[in-house]
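Beneath this line is the structure, given in structure tokens, with notes to follow.
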Amino acid sequence: MSISRYHKINPNLFKLNRKRFARQMKSKSIAIFHSNDLMPRNGDQYYQFRQNSDLFYLSGLDQPEAIVVLFPNCIKDGFEEIAFIKRTNAHIAIWEGHKYTQEEASEISGIKKVFWLDEMDTILTELILLADRIYINSNENDRYQSDVISRDLRFGHELMKKYPTHKYHRSQPILKKLAMIKSDIEVGLIQIACNITDQAFRRVLDFVKPGVLEYEVEAEIIYEFIRSGANGHGYNPIIGSGINSCCLHYNDNNKECKNGDVLLMDFGAEYANYTADLTRTIPVNGKFTKRQRKVYDAVLKVMRNATEMLVPGTTLEDYHKEVGKMMESELIDLKLITKHDVEKQDKNAPAYKKYFMHGTSHHLGLDVHDLGDRYIPIQAGMVFTCEPGIYIPEEKLGIRLENDILVTDHQPIDLMAHIPVEAEEIEELMNTIPIHS
Ligand code: GLY
Ligand code: MN
Ligand code: MN
């Protein structure tokens, strides 16, 4: 069966995720999860479909209009977990392409009972009347705002109108706690995303020279992603040369890379819906200037030291404070701030923030800024980015380095340890004759 570009994922991942979610549910409750909408573009076109991360996490189902229902201890035997998918048959497949058969959906998700969507009203009504409580899912990322209402929420509103006397609960707090800790299968998928990202970076090292355009670099990256079975980018890539290296969310990627400038690239392949998140900064002409190299090495030192701190028990608040201190000392050495600036600084707006204005780490997984609770101390199984940077617009010089790190009960494991990062190695690779496959 050819359903996705990625290899078949062991359904135990999804079975276990459902089991862990169900364990957190209150008694006599039902939880309903929807796939993402197909997002309209213009005319009769839609944007490329991307599955809802939560629905995927609980089922592995990767097509629109899929629904998962969890009802632990349901009195109706066999209905503890069920799914609904869009009806298909040989005739529909000719017009619309292949969609999951019930058997395929069952095999992918490990959910035994898979029904057609047009059977949902009848089946779900009966189940809801057997439950006292309903869990509704919604995007509770506190940095997310959108006028577009999700399928999950639309359905939630309908349920509330139809069943006003049920008790309603939030699925997200449970999902956040579960998704923060990655299983071995998930780490394996993130590792594949990192490996594809590595290949793309090496391709870029062969390609970049003065005069290339930022979007030509972007084209090299997407070429390598797609040919390696990735869905594409896990987030909009930042390919910024010169002054653009100082723009944190630069996505125009339309300028020429000039001799003597650096090129900051923040990109990550998405494989099986899991994403990598890499940043590298390279010299456009293959050799860092003395000043660029000094700033580069300072950022690399902070990245290495910060990585060591990603161990169980540390709180993210303490971690960020410590990294701030490391950065402070580097910026003093680089003569960008003075000890005096630090002495007189407002502790809510420390001096280092002038040159390093963003956080150092975020959870990574199905989403680049993955579900997580930033008030829970670091635990084994979490995957974080580590991404310090120094941005000096007056020198048209922005340097950020970013690797993806798995927390363990021992030393942190750098999932990007094989991706070139030492300045000498980058220079050497940029100055060897490329051998393209
Ligand atoms: N690429 C987004 C980030 O680094 O957080
Ligand atoms: Mn990041
Ligand atoms: Mn990034």
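Labels used: A, B, ... for chains in the order of the structure tokens, numbers from 1 for residues in each chain, and numbers from 1 for ligands as shown.
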
Taking only C-alpha atoms and all ligand atoms into account, which residues are within 7 Å of ligand 3, as a PDB file with N, CA and C atoms, in the first residue's frame?
ATOM      1  N   ASP A 266      18.337  28.641   8.865  1.00  0.00           N
ATOM      2  CA  ASP A 266      17.576  27.924   9.900  1.00  0.00           C
ATOM      3  C   ASP A 266      16.524  27.102   9.167  1.00  0.00           C
ATOM      4  N   PHE A 267      16.726  25.791   9.105  1.00  0.00           N
ATOM      5  CA  PHE A 267      15.795  24.938   8.348  1.00  0.00           C
ATOM      6  C   PHE A 267      15.781  23.544   8.951  1.00  0.00           C
ATOM      7  N   ASP A 277      15.224  20.798  13.541  1.00  0.00           N
ATOM      8  CA  ASP A 277      15.329  22.264  13.615  1.00  0.00           C
ATOM      9  C   ASP A 277      16.806  22.614  13.730  1.00  0.00           C
ATOM     10  N   LEU A 278      17.390  22.960  12.595  1.00  0.00           N
ATOM     11  CA  LEU A 278      18.837  23.208  12.524  1.00  0.00           C
ATOM     12  C   LEU A 278      19.111  24.665  12.205  1.00  0.00           C
ATOM     13  N   THR A 279      20.143  25.241  12.812  1.00  0.00           N
ATOM     14  CA  THR A 279      20.669  26.511  12.304  1.00  0.00           C
ATOM     15  C   THR A 279      22.179  26.396  12.148  1.00  0.00           C
ATOM     16  N   GLU A 402      22.251  25.967  15.992  1.00  0.00           N
ATOM     17  CA  GLU A 402      21.127  25.275  16.630  1.00  0.00           C
ATOM     18  C   GLU A 402      21.219  23.776  16.375  1.00  0.00           C
TER      19      GLU A 402
END

Range 99-327 of chain A: which residues are alpha helix (DSSP H) by DSSP, as a ChimeraX atom specification?
/A:102-109,120-130,151-162,172-179,184-207,214-227,290-308,316-327

Within 9 Å of ligand 1, counting only C-alpha atoms and all ligand atoms, residues as a PyMOL selection string
chain A and resi 234-238+248-249+266-268+277-279+359-362+368-369+385-387+402

Select, from A:Asp404, A:Glu422, A:Glu343, A:Asp184, the residue with the minimum atom-to-atom distance to ligand 2, counting only C-alpha atoms and all ligand atoms.
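Checking each of A:Asp404, A:Glu422, A:Glu343, A:Asp184 against ligand 2, counting only C-alpha atoms and all ligand atoms, the winner is A:Asp404.
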
Which residue of A:Leu129, A:Ala272, A:Met265, A:Ile392 approaches ligand 2 most closely, using only C-alpha atoms and all ligand atoms
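So, comparing all the options, the nearest one is A:Met265.
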
Please list as a list in words every residue within 10 Å of Gly156 in chain A, counting only C-alpha atoms and excluding residues in the same chain fewer than 6 positions away.
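Neighbouring residues, sequence-local ones excluded: Ile32, Phe33, Ile134, Tyr135, Ile136, Asn137, Ser138, Ser150, Lys162 and Tyr168 of chain A.
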
Would you mind listing what lies within 6 Å of range 11-22 of chain A as a VMD selection string, with only C-alpha atoms counted and same-chain residues fewer than 5 positions away left out?
chain A and resid 58 to 59 108 to 110

Write out as a VMD selection string the residues lying within 9 Å of Pro173 in chain A, counting only C-alpha atoms and excluding same-chain residues fewer than 4 positions away.
chain A and resid 140 177 to 178 373

Apply DSSP to the backbone of this structure and, from range 62-276 of chain A, keep only the residues in strand (DSSP E or B); write these as a PDB file with C-alpha atoms, in the first residue's frame.
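File result-v3.pdb, as written:
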ATOM      1  CA  ILE A  67     -11.610  11.175  13.698  1.00  0.00           C
ATOM      2  CA  VAL A  68     -10.474   9.257  16.752  1.00  0.00           C
ATOM      3  CA  VAL A  69     -12.741   8.603  19.733  1.00  0.00           C
ATOM      4  CA  LEU A  70     -11.502   7.307  23.090  1.00  0.00           C
ATOM      5  CA  GLU A  81     -11.284   3.263  20.943  1.00  0.00           C
ATOM      6  CA  ILE A  82     -12.712   3.739  17.487  1.00  0.00           C
ATOM      7  CA  ALA A  83     -11.953   5.788  14.375  1.00  0.00           C
ATOM      8  CA  PHE A  84     -13.915   7.246  11.500  1.00  0.00           C
ATOM      9  CA  ILE A  85     -12.480   7.819   8.038  1.00  0.00           C
ATOM     10  CA  LYS A 113     -12.937  -0.711  14.899  1.00  0.00           C
ATOM     11  CA  VAL A 114     -12.746   1.743  11.999  1.00  0.00           C
ATOM     12  CA  PHE A 115     -16.041   3.099  10.618  1.00  0.00           C
ATOM     13  CA  TRP A 116     -16.925   5.322   7.679  1.00  0.00           C
ATOM     14  CA  ARG A 133     -18.007  14.018  30.314  1.00  0.00           C
ATOM     15  CA  ILE A 134     -16.582  15.039  26.957  1.00  0.00           C
ATOM     16  CA  TYR A 135     -12.931  15.952  26.276  1.00  0.00           C
ATOM     17  CA  ILE A 136     -12.502  18.527  23.527  1.00  0.00           C
ATOM     18  CA  LYS A 167     -19.389  18.220  31.523  1.00  0.00           C
ATOM     19  CA  TYR A 168     -16.638  19.428  29.217  1.00  0.00           C
ATOM     20  CA  HIS A 169     -12.893  19.015  29.686  1.00  0.00           C
ATOM     21  CA  ARG A 170      -9.676  20.060  27.952  1.00  0.00           C
ATOM     22  CA  LEU A 213      20.736  34.045  -4.295  1.00  0.00           C
ATOM     23  CA  GLY A 232       9.230  19.212   3.011  1.00  0.00           C
ATOM     24  CA  HIS A 233      10.164  21.868   5.531  1.00  0.00           C
ATOM     25  CA  ILE A 238      15.247  31.292   7.085  1.00  0.00           C
ATOM     26  CA  ILE A 239      18.033  31.858   4.554  1.00  0.00           C
ATOM     27  CA  GLY A 240      19.482  35.236   5.460  1.00  0.00           C
ATOM     28  CA  SER A 241      22.791  36.707   4.299  1.00  0.00           C
ATOM     29  CA  GLU A 256      22.187  37.953  -3.171  1.00  0.00           C
ATOM     30  CA  VAL A 262      27.845  35.407   6.482  1.00  0.00           C
ATOM     31  CA  LEU A 263      24.779  33.345   5.583  1.00  0.00           C
ATOM     32  CA  LEU A 264      22.488  32.245   8.420  1.00  0.00           C
ATOM     33  CA  MET A 265      20.284  29.273   7.594  1.00  0.00           C
ATOM     34  CA  ASP A 266      17.576  27.924   9.900  1.00  0.00           C
ATOM     35  CA  PHE A 267      15.795  24.938   8.348  1.00  0.00           C
ATOM     36  CA  ALA A 269      13.227  18.504   7.300  1.00  0.00           C
ATOM     37  CA  GLU A 270       9.870  17.090   8.317  1.00  0.00           C
ATOM     38  CA  TYR A 271       9.830  13.300   8.142  1.00  0.00           C
ATOM     39  CA  TYR A 274       8.394  14.885  12.921  1.00  0.00           C
ATOM     40  CA  THR A 275      10.658  17.837  12.356  1.00  0.00           C
TER      41      THR A 275
END

Using only C-alpha atoms for the distances, tell me which of A:Gly229, A:Pro312, A:Pro40, A:Pro393 is nearest to Cys247 in chain A.
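Nearest to Cys247 in chain A: A:Pro393.
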
Which residues, written as a PyMOL selection string, have at least one atom at most 9 Å from Asp370 in chain A, with only C-alpha atoms counted and residues fewer than 6 positions away on the same chain left out?
chain A and resi 141+176+179-180+362-364
